[in-house]
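So this one's query13.txt, compact mmCIF, C-alpha atoms and all ligand atoms:
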```
# COMPACT_ATOMS: atom_id res chain seq x y z
CA MET K 1 13.85 75.17 -44.69
CA ASP K 2 13.69 72.42 -42.08
CA LYS K 3 14.06 74.26 -38.78
CA SER K 4 15.01 71.15 -36.87
CA VAL K 5 18.21 70.60 -38.86
CA ARG K 6 21.29 70.44 -36.62
CA LEU K 7 23.92 72.83 -37.92
CA PHE K 8 27.64 72.32 -38.07
CA VAL K 9 30.33 74.81 -39.22
CA ALA K 10 32.46 73.25 -41.93
CA ALA K 11 34.87 76.11 -42.49
CA TYR K 12 37.54 78.18 -40.76
CA ALA K 13 36.77 81.90 -40.92
CA PHE K 14 38.76 85.12 -40.65
CA SER K 15 37.93 88.83 -41.03
CA GLU K 16 39.66 90.94 -43.63
CA ASP K 17 38.75 94.22 -45.36
CA GLY K 18 35.41 94.37 -43.59
CA ALA K 19 34.30 90.95 -44.83
CA THR K 20 34.30 87.42 -43.40
CA HIS K 21 36.25 84.87 -45.43
CA PHE K 22 35.61 81.14 -45.01
CA LEU K 23 38.17 78.58 -46.08
CA LEU K 24 36.81 75.35 -47.54
CA PRO K 25 38.75 72.64 -49.40
CA GLY K 26 40.01 74.33 -52.55
CA ARG K 27 37.83 77.45 -52.32
CA GLU K 28 37.13 80.57 -50.31
CA VAL K 29 33.69 81.99 -49.56
CA LYS K 30 33.48 85.73 -48.90
CA LEU K 31 30.55 87.20 -47.00
CA GLU K 32 29.99 90.93 -46.52
CA GLY K 33 27.85 92.81 -44.03
CA ALA K 34 27.48 90.16 -41.33
CA GLU K 35 30.72 90.48 -39.32
CA GLU K 36 28.90 91.48 -36.17
CA VAL K 37 26.45 88.60 -36.05
CA LEU K 38 28.47 85.75 -37.57
CA PRO K 39 30.75 85.00 -34.58
CA ILE K 40 27.70 84.72 -32.33
CA LEU K 41 25.72 82.59 -34.75
CA LEU K 42 28.56 80.28 -35.77
CA ARG K 43 29.67 79.67 -32.17
CA GLN K 44 26.40 77.79 -31.59
CA CYS K 45 26.62 75.58 -34.67
CA ASP K 46 28.24 72.57 -33.00
CA GLY K 47 26.41 69.86 -34.94
CA TYR K 48 24.02 69.18 -32.06
CA ARG K 49 21.93 72.35 -31.74
CA MET K 50 18.94 72.73 -34.02
CA ALA K 51 18.69 75.68 -36.41
CA GLU K 52 15.59 76.89 -34.58
CA GLU K 53 17.45 77.15 -31.27
CA ILE K 54 20.50 78.74 -32.92
CA VAL K 55 18.43 81.43 -34.61
CA SER K 56 16.46 82.26 -31.50
CA LEU K 57 19.59 82.45 -29.25
CA THR K 58 21.37 84.63 -31.83
CA ALA K 59 18.34 86.92 -32.16
CA GLU K 60 18.23 87.33 -28.38
CA GLU K 61 21.92 88.10 -28.08
CA THR K 62 22.23 90.44 -31.07
CA GLY K 63 18.79 91.99 -31.46
CA TYR K 64 18.67 90.90 -35.13
CA ALA K 65 15.27 89.94 -36.55
CA GLN K 66 14.75 86.15 -36.85
CA ALA K 67 13.75 86.50 -40.52
CA GLU K 68 17.11 88.10 -41.29
CA LEU K 69 18.96 85.36 -39.43
CA TRP K 70 17.08 82.61 -41.30
CA GLU K 71 18.14 84.24 -44.54
CA LEU K 72 21.75 84.23 -43.37
CA VAL K 73 21.57 80.57 -42.29
CA GLU K 74 20.10 79.61 -45.67
CA GLN K 75 22.88 81.46 -47.43
CA LEU K 76 25.54 79.75 -45.33
CA LEU K 77 23.97 76.34 -45.99
CA ALA K 78 23.76 76.98 -49.74
CA ARG K 79 27.45 77.93 -49.81
CA GLN K 80 28.30 74.90 -47.64
CA VAL K 81 29.90 76.94 -44.87
CA LEU K 82 27.24 75.35 -42.67
CA ILE K 83 26.28 71.71 -43.07
CA GLY K 84 23.23 69.94 -41.69
CA SER K 85 25.06 67.53 -39.37
CA THR K 86 23.29 64.48 -40.84
CA GLN K 87 24.61 65.53 -44.28
CA HIS K 88 28.22 65.55 -43.20
CA TYR K 89 28.92 62.46 -45.30
CA LEU K 90 28.50 64.58 -48.44
CA PHE K 91 31.41 66.64 -47.19
CA PHE K 92 33.57 63.46 -46.68
CA HIS K 93 32.56 62.44 -50.16
CA ARG K 94 33.65 65.72 -51.70
CA VAL K 95 37.05 65.68 -50.03
CA SER K 96 37.71 62.10 -51.16
CA ALA K 97 36.61 62.64 -54.78
CA ASN K 98 38.96 62.75 -57.75
CA PRO K 99 40.83 64.79 -58.77
CA MET K 100 42.71 64.48 -55.46
CA PRO K 101 44.85 67.49 -54.62
CA PHE K 102 47.72 65.22 -53.61
CA SER K 103 48.76 61.58 -53.70
CA HIS K 104 51.98 59.67 -53.22
CA GLN K 105 53.58 56.95 -55.32
CA PHE K 106 55.18 54.02 -53.48
CA SER K 107 57.78 51.77 -55.04
CA GLU K 108 57.33 47.97 -54.99
CA GLU K 109 60.17 47.79 -52.41
CA GLU K 110 58.45 50.27 -50.08
CA ILE K 111 55.17 48.34 -50.28
CA ALA K 112 56.97 45.02 -49.63
CA ARG K 113 58.63 46.59 -46.56
CA MET K 114 55.31 47.88 -45.21
CA LEU K 115 53.67 44.48 -45.63
CA ALA K 116 56.59 42.67 -43.99
CA GLU K 117 56.21 44.89 -40.91
CA GLY K 118 52.71 43.61 -40.31
CA GLU K 119 53.65 39.99 -40.98
CA SER K 120 51.41 37.34 -39.42
CA PHE K 121 50.44 33.75 -40.07
CA LEU K 122 48.13 35.16 -42.75
CA MET K 123 51.15 35.70 -44.96
CA GLN K 124 52.40 32.11 -44.74
CA SER K 125 52.22 30.27 -48.04
CA SER K 126 52.27 26.88 -46.30
CA LEU K 127 48.50 26.95 -45.71
CA GLN K 128 47.02 24.67 -48.37
CA PRO K 129 43.58 25.62 -49.73
CA THR K 130 41.41 22.54 -49.79
CA THR K 131 37.76 23.51 -50.19
CA SER K 132 36.46 24.88 -53.50
CA LEU K 133 35.98 28.34 -52.00
CA GLU K 134 39.49 28.32 -50.55
CA LYS K 135 40.84 27.35 -53.95
CA LEU K 136 38.98 30.23 -55.62
CA LEU K 137 40.25 32.63 -52.97
CA ALA K 138 43.81 31.45 -53.52
CA ARG K 139 43.50 32.18 -57.25
CA ARG K 140 41.90 35.60 -56.84
CA GLU K 141 43.89 38.31 -58.57
CA SER K 142 43.51 41.46 -60.65
CA THR K 143 43.84 41.27 -64.41
CA ARG K 144 44.89 44.23 -66.52
CA GLU K 145 45.27 42.65 -69.96
CA PHE K 146 42.11 41.77 -71.84
CA THR K 147 41.47 40.31 -75.31
CA GLY K 148 38.67 42.65 -76.41
CA GLU K 149 36.10 39.83 -76.66
CA PHE K 150 32.60 40.80 -75.56
CA LEU K 151 30.80 39.28 -72.61
CA SER K 152 27.53 37.60 -73.58
CA GLN K 153 24.33 39.13 -72.19
CA GLN K 154 23.88 36.00 -70.09
CA GLU K 155 27.37 36.30 -68.60
CA ALA K 156 26.81 39.99 -67.93
CA GLU K 157 23.55 39.24 -66.08
CA ARG K 158 24.94 36.32 -64.09
CA LEU K 159 27.87 38.44 -62.97
CA ALA K 160 25.46 41.26 -62.02
CA TRP K 161 23.58 38.77 -59.87
CA ALA K 162 26.78 37.50 -58.22
CA ILE K 163 27.79 41.09 -57.43
CA TYR K 164 24.55 42.37 -55.95
CA GLY K 165 21.80 39.79 -56.37
CA LYS K 166 18.95 40.05 -53.89
CA THR K 167 15.93 38.00 -53.04
CA PRO K 168 12.61 39.83 -52.81
CA ARG K 169 11.74 40.71 -49.24
CA ALA K 170 8.75 38.88 -47.90
CA ASN K 171 6.17 40.90 -46.02
CA SER K 172 5.89 38.17 -43.45
CA PHE K 173 8.30 38.55 -40.58
CA PRO K 174 10.68 37.19 -39.43
CA GLU K 175 11.13 35.20 -42.70
CA SER K 176 12.01 38.42 -44.53
CA ALA K 177 15.23 38.64 -42.53
CA ILE K 178 16.70 35.46 -44.03
CA GLY K 179 18.88 35.15 -47.10
CA LEU K 180 18.45 38.60 -48.55
CA GLY K 181 21.15 38.41 -51.12
CA THR K 182 24.72 37.80 -52.22
CA VAL K 183 26.12 40.53 -49.92
CA PRO K 184 25.28 41.59 -46.38
CA SER K 185 23.85 45.09 -45.95
CA GLY K 186 23.70 47.29 -42.83
CA GLY K 187 20.07 47.32 -41.68
CA ALA K 188 19.19 45.24 -44.80
CA LEU K 189 18.75 48.58 -46.58
CA TYR K 190 20.72 47.70 -49.74
CA PRO K 191 21.54 51.26 -50.86
CA LEU K 192 23.77 50.28 -53.79
CA ARG K 193 22.81 50.56 -57.46
CA LEU K 194 24.56 48.48 -60.10
CA PHE K 195 25.29 49.70 -63.63
CA VAL K 196 26.96 47.86 -66.49
CA LEU K 197 28.65 49.53 -69.45
CA LYS K 198 29.36 47.35 -72.49
CA PRO K 199 30.64 48.01 -76.01
CA SER K 200 27.75 47.97 -78.52
CA ASN K 201 27.95 46.61 -82.07
CA LYS K 202 28.69 50.13 -83.31
CA GLU K 203 32.32 51.19 -83.49
CA ARG K 204 33.44 52.99 -80.28
CA GLU K 205 29.89 53.16 -78.87
CA TRP K 206 29.21 51.83 -75.37
CA GLU K 207 25.80 51.09 -73.91
CA CYS K 208 24.86 51.64 -70.32
CA PHE K 209 22.53 49.25 -68.46
CA ARG K 210 20.94 49.55 -65.06
CA ALA K 211 20.25 46.46 -62.99
CA GLY K 212 16.46 46.78 -62.90
CA SER K 213 13.51 44.52 -62.19
CA GLU K 214 13.53 43.09 -65.73
CA GLY K 215 17.25 42.31 -65.80
CA LEU K 216 19.84 44.65 -67.31
CA GLU K 217 17.82 47.58 -68.66
CA LYS K 218 19.43 49.82 -71.24
CA THR K 219 19.59 53.48 -70.25
CA VAL K 220 21.96 55.63 -72.32
CA THR K 221 24.82 55.25 -74.78
CA THR K 222 28.22 56.82 -74.55
CA THR K 223 31.53 56.64 -76.36
CA TYR K 224 34.77 54.82 -75.68
CA GLU K 225 36.51 58.21 -75.55
CA ALA K 226 34.11 59.54 -72.88
CA LEU K 227 34.80 56.46 -70.78
CA VAL K 228 38.57 56.86 -71.12
CA ARG K 229 38.20 60.47 -69.92
CA VAL K 230 36.25 59.28 -66.87
CA PHE K 231 39.05 56.83 -66.00
CA LEU K 232 41.56 59.66 -65.53
CA ASN K 233 42.37 59.68 -69.27
CA ASP K 234 44.22 56.38 -68.90
CA SER K 235 43.72 54.91 -72.37
CA ASN K 236 45.59 51.67 -71.54
CA LEU K 237 43.19 50.79 -68.76
CA LEU K 238 40.12 50.10 -70.94
CA GLU K 239 41.94 48.35 -73.74
CA GLY K 240 40.25 45.03 -74.49
CA VAL K 241 37.81 45.35 -71.55
CA GLY K 242 34.50 43.55 -72.18
CA ALA K 243 32.37 45.34 -69.58
CA VAL K 244 32.62 47.95 -66.84
CA TYR K 245 30.51 47.38 -63.72
CA VAL K 246 29.83 50.42 -61.56
CA LEU K 247 28.61 50.23 -57.98
CA ALA K 248 26.91 53.49 -57.11
CA CYS K 249 25.08 54.47 -53.95
CA GLU K 250 21.79 56.12 -53.18
CA PHE K 251 23.15 57.49 -49.90
CA GLN K 252 19.81 58.50 -48.40
CA GLN K 253 18.73 54.88 -48.34
CA THR K 254 21.25 54.21 -45.59
CA THR K 255 21.95 57.67 -44.11
CA GLN K 256 18.27 58.25 -43.28
CA LYS K 257 18.73 55.45 -40.74
CA TYR K 258 22.40 55.61 -39.78
CA ALA K 259 23.16 59.30 -40.51
CA ASN K 260 26.83 59.87 -41.36
CA ARG K 261 27.80 56.34 -40.31
CA GLY K 262 25.66 55.07 -43.20
CA TYR K 263 28.34 56.41 -45.53
CA ARG K 264 30.84 54.01 -43.98
CA TYR K 265 28.36 51.13 -44.31
CA ALA K 266 27.77 51.90 -47.98
CA ILE K 267 31.47 51.75 -48.78
CA LEU K 268 31.89 48.51 -46.83
CA GLU K 269 28.96 47.02 -48.73
CA ALA K 270 30.51 47.98 -52.08
CA GLY K 271 33.63 46.08 -50.98
CA HIS K 272 31.61 42.92 -50.35
CA ALA K 273 30.01 43.22 -53.78
CA ALA K 274 33.37 43.80 -55.48
CA GLN K 275 34.83 40.68 -53.89
CA ASN K 276 31.91 38.67 -55.27
CA ALA K 277 32.87 39.89 -58.75
CA TYR K 278 36.45 38.72 -58.25
CA LEU K 279 35.37 35.27 -57.07
CA TRP K 280 32.82 34.79 -59.84
CA CYS K 281 35.35 35.84 -62.46
CA VAL K 282 38.04 33.44 -61.17
CA GLU K 283 35.52 30.63 -61.24
CA GLN K 284 34.47 31.47 -64.81
CA GLY K 285 38.03 32.00 -66.06
CA LEU K 286 37.38 35.70 -66.68
CA GLY K 287 39.65 38.58 -65.70
CA VAL K 288 38.65 41.48 -63.45
CA VAL K 289 40.23 44.50 -61.83
CA GLU K 290 38.62 46.85 -59.35
CA VAL K 291 39.36 50.45 -60.31
CA GLY K 292 38.82 53.31 -57.90
CA GLY K 293 40.71 55.72 -60.15
CA PHE K 294 37.91 57.64 -61.86
CA TYR K 295 36.50 61.16 -61.85
CA ASP K 296 33.52 60.81 -59.52
CA GLU K 297 31.33 63.58 -60.85
CA GLU K 298 31.99 62.79 -64.52
CA LEU K 299 31.14 59.12 -64.02
CA ALA K 300 27.97 60.11 -62.14
CA GLN K 301 27.00 62.35 -65.06
CA LEU K 302 27.63 59.60 -67.57
CA LEU K 303 25.25 57.34 -65.62
CA SER K 304 22.69 60.16 -65.17
CA LEU K 305 23.07 60.04 -61.38
CA SER K 306 22.15 63.04 -59.29
CA TYR K 307 25.57 63.71 -57.76
CA PRO K 308 26.56 63.83 -54.89
CA ASP K 309 23.36 62.38 -53.34
CA GLN K 310 23.84 59.47 -55.70
CA ALA K 311 27.45 58.69 -56.48
CA PRO K 312 29.64 55.95 -57.91
CA LEU K 313 31.72 54.22 -55.22
CA THR K 314 33.79 51.76 -57.19
CA THR K 315 34.13 50.12 -60.59
CA LEU K 316 35.08 46.68 -61.88
CA LEU K 317 36.61 46.16 -65.31
CA VAL K 318 35.86 42.70 -66.63
CA GLY K 319 36.85 40.74 -69.71
CA ARG K 320 38.55 37.71 -71.16
CA ARG K 321 42.12 37.58 -69.98
CA LYS K 322 45.06 37.51 -72.34
CA GLN K 323 46.95 34.28 -71.79
C1 LIG K 401 39.40 50.01 -53.57
C2 LIG K 401 40.35 49.57 -54.64
C3 LIG K 401 40.71 50.46 -55.63
C4 LIG K 401 41.56 50.06 -56.65
N1 LIG K 401 41.86 50.93 -57.65
C5 LIG K 401 42.68 50.56 -58.65
C6 LIG K 401 42.94 51.45 -59.73
O1 LIG K 401 42.46 52.58 -59.74
N2 LIG K 401 43.75 51.02 -60.72
C7 LIG K 401 44.29 49.75 -60.73
O2 LIG K 401 44.99 49.42 -61.68
N3 LIG K 401 44.03 48.88 -59.73
C8 LIG K 401 43.24 49.24 -58.69
N4 LIG K 401 42.95 48.36 -57.68
C9 LIG K 401 43.49 46.98 -57.72
C10 LIG K 401 44.73 46.84 -56.83
O3 LIG K 401 45.81 47.52 -57.42
C11 LIG K 401 45.07 45.36 -56.64
O4 LIG K 401 44.01 44.71 -55.96
C12 LIG K 401 46.35 45.18 -55.84
O5 LIG K 401 47.46 45.61 -56.59
C13 LIG K 401 46.57 43.73 -55.42
O6 LIG K 401 46.67 42.92 -56.57
P1 LIG K 401 45.73 41.65 -56.80
O7 LIG K 401 44.32 42.12 -56.76
O8 LIG K 401 46.14 41.08 -58.13
O9 LIG K 401 46.02 40.69 -55.66
C14 LIG K 401 42.11 48.73 -56.66
C15 LIG K 401 41.73 47.85 -55.64
C16 LIG K 401 40.87 48.25 -54.65
C17 LIG K 401 40.46 47.27 -53.58
```

Spell out the structure here as structure tokens.
Amino acid sequence: MDKSVRLFVAAYAFSEDGATHFLLPGREVKLEGAEEVLPILLRQCDGYRMAEEIVSLTAEETGYAQAELWELVEQLLARQVLIGSTQHYLFFHRVSANPMPFSHQFSEEEIARMLAEGESFLMQSSLQPTTSLEKLLARRESTREFTGEFLSQQEAERLAWAIYGKTPRANSFPESAIGLGTVPSGGALYPLRLFVLKPSNKEREWECFRAGSEGLEKTVTTTYEALVRVFLNDSNLLEGVGAVYVLACEFQQTTQKYANRGYRYAILEAGHAAQNAYLWCVEQGLGVVEVGGFYDEELAQLLSLSYPDQAPLTTLLVGRRKQ
């Protein structure tokens, strides 16, 4: 293992029946035979000290052999009691993934009250949109009723471009820093990956495409039923939808530079891309709704992503709107 990894304890621990029990979200990890050394080892894992230093300090204090301690550290990392501090975002990701252990329903009245509390000039309807962009923004809305008509391949590709189109980076600097694409990206790292799922000509079969160098490249096929399951078994949601766009992230592409903060940047970037989809769809008279209600791991599997290092962040359901 990488001895320079900075270790962080992700779990609360207690001793019972001669074993150490660690509490993690939704599970308990039990470890036997290390009660003596664990408190000394874990005390040093503050997210800043390197594994190398932690093992050597613990060996000094306890008299344990370093090889034994490395084995213990590896075991704790594998069971996610310890986290490499630059990998902490994977922990945030896990605790924000569906199924959520709890959520709360608000009534329309409660939401209206909350919004009224934060009232500002931004809520005034007297501001008249005048430019074409302002007019598009004023008409932006989510659609949840679709006709079932397909999107043409050309429409699907143009929308993909609007969502996450990029220009090739020049090798000559500083020109390469100009106009890199339809969304801004922290450090110009562009860690998102765009997938499109569309119904095929076969009954209840859907095809998956990846936005690749040659356009939308077909990857796998799936079924309508599998997709419904991914969207929390909500069969109404996909009715009449012409295409599902998925924005996934290759986290390393941003976290290798920004560490855990890169996770925040990736989510922000997905928001920019999603807004582009809304604006393009209003302009084209198509309907769209962003849907964050999906089972993360199942959707990743369906797209053949290696979860959680690669994970879907958000989805956009697109189609022709029912009048
Ligand atoms: C991050 C995010 C997640 C969302 N997830 C869902 C969802 O799971 N299901 C849904 O029906 N709408 C979802 N929406 C759409 C919101 O419900 C919608 O934007 C909101 O009600 C405001 O309506 P409008 O977009 O028509 O103005 C989501 C929107 C965002 C930004």

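Counting all atoms listed in the file, the residue from K:Glu217, K:Ser306, K:Leu238, K:Gln275 that sits nearest to Arg204 of chain K is K:Leu238.
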
Legend entry - Residues near segment 151-158 of chain K, cut-off 10 Å, all atoms listed in the file, skip fewer than 2 positions along chain, as a VMD selection string: chain K and resid 148 to 149 160 to 163 165 196 to 199 211 215 to 216 241 to 245 280 284 286 318 to 320

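When atom CA of Cys249 of chain K is paired with atom C14 of ligand LIG 401 (chain K), their separation reads 18.2 Å.
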
Legend entry - Contacts with ligand LIG 401 (chain K) at most 7 Å, only C-alpha atoms and all ligand atoms counted, listed as a VMD selection string: chain K and resid 140 to 143 289 to 293 314

Legend entry - Separation of atom CA of Glu297 of chain K from atom CA of Ala97 of chain K in Å: 8.1 Å

Legend entry - Which of K:Leu302, K:Glu36, K:Tyr263, K:Gln75 sits closest to Thr221 of chain K [using all atoms listed in the file]: K:Leu302

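The spacing separating atom CA of Leu42 of chain K from atom CA of Ala13 of chain K amounts to 9.8 Å.
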
Legend entry - Surrounding residues of Leu189 of chain K excluding itself and chain neighbours under 4 positions, 12 Å, only C-alpha atoms, as a list of chain:residue names: K:Lys166, K:Arg169, K:Ala177, K:Leu180, K:Gly181, K:Val183, K:Pro184, K:Ser185, K:Arg193, K:Cys249, K:Glu250, K:Phe251, K:Gln252, K:Gln253, K:Thr254, K:Thr255, K:Gln256, K:Lys257, K:Tyr258, K:Gly262, K:Tyr265, K:Ala266, K:Glu269

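Take the candidates K:Leu31, K:Cys208, K:Met123, K:Leu317 and check each one against Glu16 of chain K using only C-alpha atoms; the shortest distance goes to K:Leu31.
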
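Using only C-alpha atoms, the contacts of Gln87 of chain K at a cut-off of 8 Å, with sequence neighbours closer than 3 positions omitted, comprise K:Ile83, K:Gly84, K:Leu90, K:Phe91, K:Ala259, K:Asn260.
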
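Residue nearest Phe8 of chain K within the list K:Phe294, K:Phe150, K:Tyr48, K:Phe106: K:Tyr48 [criterion: smallest interatomic distance, all atoms listed in the file].
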
Can you tell me which residues surround Glu239 of chain K at a distance of at most 9 Å, considering only C-alpha atoms, apart from same-chain residues fewer than 4 positions away, and format the answer as a compact mmCIF listing (two decimals) with C-alpha atoms, in the frame of the given file?
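New file part25.txt:
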```
# COMPACT_ATOMS: atom_id res chain seq x y z
CA ARG K 144 44.89 44.23 -66.52
CA GLU K 145 45.27 42.65 -69.96
CA PHE K 146 42.11 41.77 -71.84
CA THR K 147 41.47 40.31 -75.31
CA GLY K 148 38.67 42.65 -76.41
CA SER K 235 43.72 54.91 -72.37
```

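Nearest residue to Leu24 of chain K among K:Ser200, K:Thr86, K:Gln80, K:Thr130 is K:Gln80, counting all atoms listed in the file.
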